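S.K.: This is protein08.cif, which holds mmCIF, C-alpha atoms:
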data_upload
#
loop_
_atom_site.group_PDB
_atom_site.id
_atom_site.type_symbol
_atom_site.label_atom_id
_atom_site.label_comp_id
_atom_site.auth_asym_id
_atom_site.auth_seq_id
_atom_site.Cartn_x
_atom_site.Cartn_y
_atom_site.Cartn_z
ATOM 1 C CA MET K 1 0.000 0.000 0.000
ATOM 2 C CA LYS K 2 1.134 3.530 -0.751
ATOM 3 C CA LEU K 3 0.306 5.622 2.303
ATOM 4 C CA GLY K 4 -0.091 9.375 2.657
ATOM 5 C CA PHE K 5 -2.030 11.909 4.685
ATOM 6 C CA SER K 6 -4.225 14.944 4.298
ATOM 7 C CA LEU K 7 -2.420 18.240 4.760
ATOM 8 C CA LEU K 8 -5.484 19.289 6.763
ATOM 9 C CA SER K 9 -3.523 17.943 9.752
ATOM 10 C CA LEU K 10 -0.891 20.649 9.153
ATOM 11 C CA PHE K 11 -3.325 23.355 8.072
ATOM 12 C CA MET K 12 -1.919 26.902 7.762
ATOM 13 C CA LYS K 13 1.715 25.792 7.543
ATOM 14 C CA ASP K 14 3.847 26.722 4.524
ATOM 15 C CA VAL K 15 3.694 24.249 1.657
ATOM 16 C CA ASN K 16 7.452 23.521 1.853
ATOM 17 C CA GLU K 17 7.217 22.748 5.556
ATOM 18 C CA MET K 18 4.263 20.400 5.094
ATOM 19 C CA LEU K 19 5.936 18.494 2.267
ATOM 20 C CA ASP K 20 9.202 18.266 4.233
ATOM 21 C CA ILE K 21 7.279 16.722 7.131
ATOM 22 C CA ALA K 22 5.710 14.185 4.759
ATOM 23 C CA VAL K 23 9.102 13.082 3.410
ATOM 24 C CA GLU K 24 10.791 13.060 6.823
ATOM 25 C CA ASN K 25 8.108 10.728 8.177
ATOM 26 C CA GLY K 26 8.231 8.255 5.329
ATOM 27 C CA PHE K 27 4.983 9.021 3.534
ATOM 28 C CA ASP K 28 4.433 8.245 -0.134
ATOM 29 C CA SER K 29 1.766 10.861 -0.822
ATOM 30 C CA VAL K 30 -0.171 13.865 0.442
ATOM 31 C CA GLU K 31 -3.571 15.362 -0.201
ATOM 32 C CA LEU K 32 -3.886 19.144 -0.315
ATOM 33 C CA LEU K 33 -7.170 20.530 1.035
ATOM 34 C CA ALA K 34 -8.162 23.449 -1.205
ATOM 35 C CA GLU K 35 -9.453 25.686 1.558
ATOM 36 C CA GLY K 36 -8.109 28.782 3.291
ATOM 37 C CA PRO K 37 -4.707 29.863 1.909
ATOM 38 C CA TYR K 38 -4.642 26.801 -0.366
ATOM 39 C CA ARG K 39 -7.758 27.729 -2.323
ATOM 40 C CA PRO K 40 -7.381 28.052 -6.094
ATOM 41 C CA ASP K 41 -8.052 31.798 -5.978
ATOM 42 C CA GLU K 42 -5.048 32.121 -3.648
ATOM 43 C CA MET K 43 -2.663 29.725 -5.406
ATOM 44 C CA LEU K 44 -3.453 29.622 -9.127
ATOM 45 C CA GLY K 45 -0.657 31.200 -11.130
ATOM 46 C CA ASN K 46 1.591 31.599 -8.092
ATOM 47 C CA LYS K 47 4.471 29.501 -9.435
ATOM 48 C CA GLU K 48 6.595 30.222 -6.384
ATOM 49 C CA ILE K 49 4.173 27.992 -4.457
ATOM 50 C CA THR K 50 2.722 25.612 -7.044
ATOM 51 C CA GLU K 51 6.092 24.537 -8.454
ATOM 52 C CA VAL K 52 7.208 23.464 -4.984
ATOM 53 C CA PHE K 53 5.044 20.342 -5.305
ATOM 54 C CA HIS K 54 7.122 19.193 -8.282
ATOM 55 C CA SER K 55 10.303 19.245 -6.177
ATOM 56 C CA TYR K 56 9.244 16.325 -3.992
ATOM 57 C CA ASP K 57 9.054 12.614 -4.734
ATOM 58 C CA LEU K 58 5.475 12.395 -3.496
ATOM 59 C CA ASP K 59 2.202 11.453 -5.147
ATOM 60 C CA ILE K 60 -0.044 14.494 -4.902
ATOM 61 C CA TYR K 61 -3.816 14.378 -4.496
ATOM 62 C CA MET K 62 -6.171 17.246 -3.791
ATOM 63 C CA HIS K 63 -9.473 17.627 -1.973
ATOM 64 C CA ALA K 64 -11.658 20.161 -3.738
ATOM 65 C CA VAL K 65 -13.293 23.022 -1.891
ATOM 66 C CA ASN K 66 -16.287 21.770 0.091
ATOM 67 C CA VAL K 67 -17.402 24.580 2.388
ATOM 68 C CA ASP K 68 -20.842 25.708 1.129
ATOM 69 C CA ILE K 69 -20.296 23.728 -2.103
ATOM 70 C CA ASN K 70 -23.043 21.462 -3.461
ATOM 71 C CA LEU K 71 -22.693 19.874 -6.908
ATOM 72 C CA ALA K 72 -26.221 18.482 -6.573
ATOM 73 C CA SER K 73 -27.936 21.635 -5.296
ATOM 74 C CA LEU K 74 -31.562 22.107 -6.308
ATOM 75 C CA ASN K 75 -30.695 25.803 -6.599
ATOM 76 C CA PRO K 76 -29.196 26.248 -10.114
ATOM 77 C CA GLY K 77 -27.119 29.272 -9.088
ATOM 78 C CA ILE K 78 -25.420 27.431 -6.238
ATOM 79 C CA ARG K 79 -24.947 24.371 -8.421
ATOM 80 C CA LYS K 80 -23.350 26.438 -11.202
ATOM 81 C CA GLU K 81 -20.975 28.161 -8.764
ATOM 82 C CA SER K 82 -20.089 24.801 -7.180
ATOM 83 C CA VAL K 83 -19.142 23.390 -10.581
ATOM 84 C CA LYS K 84 -17.146 26.533 -11.376
ATOM 85 C CA GLN K 85 -15.138 26.366 -8.147
ATOM 86 C CA THR K 86 -14.495 22.659 -8.640
ATOM 87 C CA LYS K 87 -13.181 23.427 -12.136
ATOM 88 C CA ASP K 88 -10.846 25.948 -10.528
ATOM 89 C CA CYS K 89 -9.616 23.113 -8.312
ATOM 90 C CA LEU K 90 -8.931 21.011 -11.403
ATOM 91 C CA ASP K 91 -6.877 23.901 -12.772
ATOM 92 C CA LEU K 92 -4.884 24.046 -9.546
ATOM 93 C CA ALA K 93 -4.484 20.267 -9.523
ATOM 94 C CA GLU K 94 -2.960 20.536 -12.973
ATOM 95 C CA GLU K 95 -0.493 23.198 -11.797
ATOM 96 C CA ILE K 96 0.710 21.188 -8.791
ATOM 97 C CA GLY K 97 0.829 17.877 -10.671
ATOM 98 C CA ALA K 98 -1.957 16.186 -8.738
ATOM 99 C CA ILE K 99 -3.141 12.739 -9.796
ATOM 100 C CA GLY K 100 -6.743 13.605 -9.039
ATOM 101 C CA ILE K 101 -9.094 15.671 -6.927
ATOM 102 C CA THR K 102 -11.825 14.465 -4.611
ATOM 103 C CA ALA K 103 -15.171 16.268 -4.584
ATOM 104 C CA HIS K 104 -18.191 15.686 -2.390
ATOM 105 C CA PRO K 105 -21.354 14.535 -4.184
ATOM 106 C CA GLY K 106 -23.648 17.014 -2.455
ATOM 107 C CA LYS K 107 -26.743 16.805 -0.290
ATOM 108 C CA ILE K 108 -30.387 17.767 -0.034
ATOM 109 C CA GLY K 109 -31.996 20.107 2.470
ATOM 110 C CA ARG K 110 -35.257 18.211 3.029
ATOM 111 C CA PRO K 111 -35.687 14.473 3.684
ATOM 112 C CA GLU K 112 -37.932 13.612 0.746
ATOM 113 C CA LYS K 113 -37.113 10.822 -1.712
ATOM 114 C CA TYR K 114 -38.225 12.677 -4.839
ATOM 115 C CA LEU K 115 -35.853 15.533 -3.931
ATOM 116 C CA ARG K 116 -33.036 13.044 -3.414
ATOM 117 C CA ASP K 117 -33.732 11.506 -6.831
ATOM 118 C CA MET K 118 -33.745 14.962 -8.400
ATOM 119 C CA ALA K 119 -30.467 15.861 -6.698
ATOM 120 C CA LEU K 120 -28.861 12.655 -7.984
ATOM 121 C CA GLU K 121 -29.774 13.722 -11.527
ATOM 122 C CA PHE K 122 -28.212 17.137 -10.943
ATOM 123 C CA LEU K 123 -25.095 15.470 -9.499
ATOM 124 C CA THR K 124 -24.799 13.397 -12.672
ATOM 125 C CA GLU K 125 -25.088 16.538 -14.817
ATOM 126 C CA SER K 126 -22.445 18.358 -12.752
ATOM 127 C CA THR K 127 -20.102 15.375 -12.836
ATOM 128 C CA HIS K 128 -20.491 15.027 -16.611
ATOM 129 C CA GLU K 129 -19.414 18.657 -16.943
ATOM 130 C CA LEU K 130 -16.414 18.177 -14.653
ATOM 131 C CA VAL K 131 -15.266 14.985 -16.381
ATOM 132 C CA ALA K 132 -15.451 16.782 -19.741
ATOM 133 C CA TYR K 133 -13.479 19.727 -18.321
ATOM 134 C CA ALA K 134 -10.792 17.361 -17.003
ATOM 135 C CA GLU K 135 -10.532 15.413 -20.245
ATOM 136 C CA ASP K 136 -7.367 17.156 -21.427
ATOM 137 C CA LYS K 137 -5.842 17.328 -17.941
ATOM 138 C CA GLU K 138 -3.723 14.816 -16.049
ATOM 139 C CA ALA K 139 -5.805 15.206 -12.873
ATOM 140 C CA LYS K 140 -8.956 13.119 -12.601
ATOM 141 C CA ILE K 141 -12.219 14.115 -10.944
ATOM 142 C CA SER K 142 -13.109 11.666 -8.178
ATOM 143 C CA ILE K 143 -16.407 11.679 -6.252
ATOM 144 C CA GLU K 144 -16.327 10.612 -2.601
ATOM 145 C CA ASN K 145 -18.721 8.346 -0.722
ATOM 146 C CA MET K 146 -20.477 9.989 2.215
ATOM 147 C CA PRO K 147 -21.518 8.828 5.724
ATOM 148 C CA GLU K 148 -24.895 7.193 6.337
ATOM 149 C CA ARG K 149 -27.370 10.051 6.536
ATOM 150 C CA PHE K 150 -30.411 10.510 4.296
ATOM 151 C CA SER K 151 -29.529 14.076 3.304
ATOM 152 C CA TYR K 152 -26.115 13.012 1.943
ATOM 153 C CA LEU K 153 -25.793 11.627 -1.555
ATOM 154 C CA GLY K 154 -23.285 8.921 -2.386
ATOM 155 C CA ASN K 155 -23.657 6.836 0.768
ATOM 156 C CA ARG K 156 -25.070 3.892 -1.142
ATOM 157 C CA ALA K 157 -22.674 1.884 -3.288
ATOM 158 C CA TYR K 158 -25.133 1.677 -6.185
ATOM 159 C CA GLU K 159 -25.399 5.485 -6.373
ATOM 160 C CA LEU K 160 -21.655 5.823 -6.904
ATOM 161 C CA GLU K 161 -21.523 2.858 -9.265
ATOM 162 C CA ASN K 162 -24.274 4.396 -11.383
ATOM 163 C CA LEU K 163 -22.460 7.742 -11.317
ATOM 164 C CA THR K 164 -19.120 6.369 -12.534
ATOM 165 C CA ASN K 165 -20.812 4.194 -15.155
ATOM 166 C CA GLU K 166 -22.797 7.159 -16.510
ATOM 167 C CA THR K 167 -20.081 9.832 -16.379
ATOM 168 C CA GLY K 168 -16.715 8.070 -16.371
ATOM 169 C CA CYS K 169 -15.669 9.811 -13.167
ATOM 170 C CA ASN K 170 -13.378 8.203 -10.629
ATOM 171 C CA ILE K 171 -14.391 7.364 -7.079
ATOM 172 C CA THR K 172 -12.762 8.054 -3.702
ATOM 173 C CA ILE K 173 -13.780 5.639 -0.952
ATOM 174 C CA ASP K 174 -13.520 6.924 2.618
ATOM 175 C CA LEU K 175 -13.221 3.978 5.024
ATOM 176 C CA GLY K 176 -14.567 6.003 7.938
ATOM 177 C CA HIS K 177 -17.663 6.893 5.927
ATOM 178 C CA VAL K 178 -18.032 3.241 4.922
ATOM 179 C CA ASN K 179 -17.907 2.325 8.619
ATOM 180 C CA THR K 180 -21.229 4.117 9.180
ATOM 181 C CA CYS K 181 -22.947 2.173 6.382
ATOM 182 C CA GLU K 182 -24.284 -1.332 5.869
ATOM 183 C CA ASP K 183 -22.914 -3.830 3.306
ATOM 184 C CA GLN K 184 -19.482 -2.261 3.649
ATOM 185 C CA GLU K 185 -17.610 -4.474 1.203
ATOM 186 C CA SER K 186 -19.953 -3.406 -1.621
ATOM 187 C CA PHE K 187 -18.236 -0.001 -1.696
ATOM 188 C CA PHE K 188 -14.923 -1.594 -2.660
ATOM 189 C CA LYS K 189 -16.512 -3.363 -5.628
ATOM 190 C CA ILE K 190 -17.359 -0.042 -7.299
ATOM 191 C CA PRO K 191 -15.315 0.416 -10.489
ATOM 192 C CA ASN K 192 -12.828 3.252 -11.037
ATOM 193 C CA ILE K 193 -11.727 3.739 -7.428
ATOM 194 C CA LEU K 194 -8.800 6.188 -7.572
ATOM 195 C CA TYR K 195 -7.720 6.193 -3.919
ATOM 196 C CA ASN K 196 -8.997 5.946 -0.356
ATOM 197 C CA HIS K 197 -9.360 8.124 2.706
ATOM 198 C CA ILE K 198 -8.575 6.332 5.969
ATOM 199 C CA ASN K 199 -9.966 7.306 9.375
ATOM 200 C CA ASP K 200 -12.001 5.745 12.175
ATOM 201 C CA ASN K 201 -15.218 6.326 14.130
ATOM 202 C CA ASP K 202 -17.782 4.581 16.333
ATOM 203 C CA GLY K 203 -19.799 3.263 13.395
ATOM 204 C CA ILE K 204 -22.498 5.867 13.952
ATOM 205 C CA LYS K 205 -21.049 9.346 13.564
ATOM 206 C CA ASP K 206 -18.352 10.519 11.139
ATOM 207 C CA LYS K 207 -15.781 11.505 13.770
ATOM 208 C CA HIS K 208 -12.505 11.189 11.811
ATOM 209 C CA GLN K 209 -10.693 9.544 14.703
ATOM 210 C CA ALA K 210 -7.263 7.939 14.628
ATOM 211 C CA VAL K 211 -7.204 4.410 13.230
ATOM 212 C CA GLY K 212 -7.719 1.994 16.108
ATOM 213 C CA ASP K 213 -9.700 4.447 18.228
ATOM 214 C CA GLY K 214 -13.049 3.363 16.754
ATOM 215 C CA THR K 215 -14.802 0.324 15.346
ATOM 216 C CA LEU K 216 -13.381 0.307 11.799
ATOM 217 C CA ASP K 217 -12.771 -3.234 10.541
ATOM 218 C CA LEU K 218 -9.088 -3.060 9.659
ATOM 219 C CA ASN K 219 -9.551 -5.993 7.292
ATOM 220 C CA LEU K 220 -10.967 -3.399 4.878
ATOM 221 C CA LEU K 221 -7.390 -2.164 4.447
ATOM 222 C CA LYS K 222 -6.830 -5.154 2.143
ATOM 223 C CA TYR K 223 -8.759 -3.219 -0.517
ATOM 224 C CA VAL K 224 -6.560 -0.111 -0.263
ATOM 225 C CA LYS K 225 -3.752 0.449 -2.760
ATOM 226 C CA ASN K 226 -3.392 4.217 -2.325
ATOM 227 C CA GLY K 227 -4.460 5.474 1.082
ATOM 228 C CA ILE K 228 -4.640 8.968 2.534
ATOM 229 C CA ILE K 229 -4.996 9.247 6.313
ATOM 230 C CA GLU K 230 -7.553 12.027 6.661
ATOM 231 C CA LEU K 231 -7.408 13.618 10.114
ATOM 232 C CA ASN K 232 -7.029 17.142 11.471
ATOM 233 C CA ASN K 233 -4.229 16.352 13.942
ATOM 234 C CA PHE K 234 -0.757 15.234 12.866
ATOM 235 C CA ASP K 235 -0.070 13.264 16.054
ATOM 236 C CA ASN K 236 -3.140 11.193 15.212
ATOM 237 C CA VAL K 237 -1.892 10.831 11.643
ATOM 238 C CA MET K 238 1.313 9.256 12.963
ATOM 239 C CA LYS K 239 -0.643 7.097 15.408
ATOM 240 C CA SER K 240 -2.777 5.880 12.512
ATOM 241 C CA LYS K 241 0.263 5.252 10.326
ATOM 242 C CA LYS K 242 1.703 2.945 12.959
ATOM 243 C CA ALA K 243 -1.632 1.148 13.475
ATOM 244 C CA ILE K 244 -2.002 0.583 9.721
ATOM 245 C CA GLU K 245 1.583 -0.583 9.235
ATOM 246 C CA ASP K 246 1.407 -2.894 12.261
ATOM 247 C CA PHE K 247 -1.834 -4.448 11.019
ATOM 248 C CA LEU K 248 -0.510 -4.960 7.507
ATOM 249 C CA SER K 249 2.728 -6.450 8.841
ATOM 250 C CA GLU K 250 0.805 -8.908 11.026
ATOM 251 C CA ASN K 251 -1.649 -9.837 8.256
ATOM 252 C CA LYS K 252 0.485 -10.358 5.164
#
Write the structure described by the file as structure tokens, please.

M.R.:
Amino acid sequence: MKLGFSLLSLFMKDVNEMLDIAVENGFDSVELLAEGPYRPDEMLGNKEITEVFHSYDLDIYMHAVNVDINLASLNPGIRKESVKQTKDCLDLAEEIGAIGITAHPGKIGRPEKYLRDMALEFLTESTHELVAYAEDKEAKISIENMPERFSYLGNRAYELENLTNETGCNITIDLGHVNTCEDQESFFKIPNILYNHINDNDGIKDKHQAVGDGTLDLNLLKYVKNGIIELNNFDNVMKSKKAIEDFLSENK
């Protein structure tokens, strides 16, 4: 397994410092969260920063903006802006040499099935547009599974399988999100999985705990080829790294 971590755990540090920490601690990859000072509107065209990523022997991934973003919004203005900002993330991914970017599938504001079905159609339209935009880029658009909650899209394996079959997008599978869902192994049978997020929880709430601090079935790690530990605390990233490596060493 290639193992990396989300730079969320080092949020607000300089890019050079974060990448140095990744190399010094033996990671294979990192995922840049495109929020705050790392948003496309802050970094695009700033070669002094973006070219730094090319100086390291690391696989680079990116998590698209997600604050107030909804690719499946029933409001066409919000949906259009969400697609636009995700395209900006694809532009930034291209500049930093990212393999792909993860985007959230969106959610609905009212718990009604017909609204969920409508939102899934809008998500498909948005994803089609993003896949077409990324066609001549190296970075791929990858849609992430969500925790078990009716308002979230993409927390059923068939929804993501239908999405990738219809649009050609890639898929990011978050093991912590899977841990809140039933029929967990079905998520790893979805085609076009690009990489995985790794974190833990109690099986009920998406807590993003260190691996080993929750109820995550570590046997699911057998499905992971490219994993990103996604936590907001670097000490917990290192704790998770050890737990993952120990488990894999004991279960070859």

S.K.: On this file, the PyMOL selection byres ((chain K and resi 13-16) around 10) gives some set of residues; write that set as a PDB file with C-alpha atoms, in the frame of the given file.

M.R.:
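Once everything was written out, this is result-v8.pdb:
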ATOM      1  CA  LEU K   7      -2.420  18.240   4.760  1.00  0.00           C
ATOM      2  CA  LEU K   8      -5.484  19.289   6.763  1.00  0.00           C
ATOM      3  CA  SER K   9      -3.523  17.943   9.752  1.00  0.00           C
ATOM      4  CA  LEU K  10      -0.891  20.649   9.153  1.00  0.00           C
ATOM      5  CA  PHE K  11      -3.325  23.355   8.072  1.00  0.00           C
ATOM      6  CA  MET K  12      -1.919  26.902   7.762  1.00  0.00           C
ATOM      7  CA  GLU K  17       7.217  22.748   5.556  1.00  0.00           C
ATOM      8  CA  MET K  18       4.263  20.400   5.094  1.00  0.00           C
ATOM      9  CA  LEU K  19       5.936  18.494   2.267  1.00  0.00           C
ATOM     10  CA  ASP K  20       9.202  18.266   4.233  1.00  0.00           C
ATOM     11  CA  ILE K  21       7.279  16.722   7.131  1.00  0.00           C
ATOM     12  CA  ALA K  22       5.710  14.185   4.759  1.00  0.00           C
ATOM     13  CA  LEU K  32      -3.886  19.144  -0.315  1.00  0.00           C
ATOM     14  CA  PRO K  37      -4.707  29.863   1.909  1.00  0.00           C
ATOM     15  CA  TYR K  38      -4.642  26.801  -0.366  1.00  0.00           C
ATOM     16  CA  ILE K  49       4.173  27.992  -4.457  1.00  0.00           C
ATOM     17  CA  THR K  50       2.722  25.612  -7.044  1.00  0.00           C
ATOM     18  CA  VAL K  52       7.208  23.464  -4.984  1.00  0.00           C
ATOM     19  CA  PHE K  53       5.044  20.342  -5.305  1.00  0.00           C
ATOM     20  CA  SER K  55      10.303  19.245  -6.177  1.00  0.00           C
ATOM     21  CA  TYR K  56       9.244  16.325  -3.992  1.00  0.00           C
TER      22      TYR K  56
END

S.K.: Quick one: residues within 12 Å of (-21.9, 6.9, -8.1) (file frame), counting all atoms listed in the file, please, as a ChimeraX atom specification.

M.R.: /K:104-106,120-121,123-124,127-128,142-146,153-173,187,189-193

S.K.: Take the PyMOL selection byres ((chain K and resi 107-116) around 7), run it mentally on this structure, and tell me the resulting residues as a tab-separated table (two decimals) with C-alpha atoms, in the frame of the given file.

M.R.:
chain	number	residue	atom	x	y	z
K	70	ASN	CA	-23.04	21.46	-3.46
K	72	ALA	CA	-26.22	18.48	-6.57
K	73	SER	CA	-27.94	21.64	-5.30
K	106	GLY	CA	-23.65	17.01	-2.46
K	117	ASP	CA	-33.73	11.51	-6.83
K	118	MET	CA	-33.74	14.96	-8.40
K	119	ALA	CA	-30.47	15.86	-6.70
K	120	LEU	CA	-28.86	12.66	-7.98
K	150	PHE	CA	-30.41	10.51	4.30
K	151	SER	CA	-29.53	14.08	3.30
K	152	TYR	CA	-26.12	13.01	1.94
K	153	LEU	CA	-25.79	11.63	-1.56

S.K.: Can you measure atom CA of K:Ser249 to atom CA of K:Asn25 for me? One decimal in Å is fine.

M.R.: 18.0 Å

S.K.: Kindly give the distance, in Å, that separates atom CA of K:Gly45 and atom CA of K:Gly97, rounded to a single decimal.

M.R.: 13.4 Å

S.K.: Evaluate the PyMOL selection byres ((chain K and resi 137) around 12) and record the selected residues as a ChimeraX atom specification, following the chain and residue labels used in the document.

M.R.: /K:87,89-101,130-136,138-141

S.K.: Considering all atoms listed in the file, give me a table of residues in stretch 30-50 of chain K that are at most 12 Å from stretch 211-235 of chain K, with the closest atom pair and distance in Å for each, as a Markdown table.

M.R.:
| residue | atom | partner | partner_atom | distance |
| --- | --- | --- | --- | --- |
| K:Val30 | CA | K:Ile228 | CA | 7.0 |
| K:Glu31 | CA | K:Ile228 | CA | 7.0 |
| K:Leu32 | CA | K:Ile228 | CA | 10.6 |
| K:Leu33 | CA | K:Glu230 | CA | 10.2 |

S.K.: Grab the atom CA of K:Asn179 to atom CA of K:Asn201 distance for me, in Å with one decimal place.

M.R.: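 Taking atom CA of K:Asn179 and atom CA of K:Asn201, their separation equals 7.3 Å.
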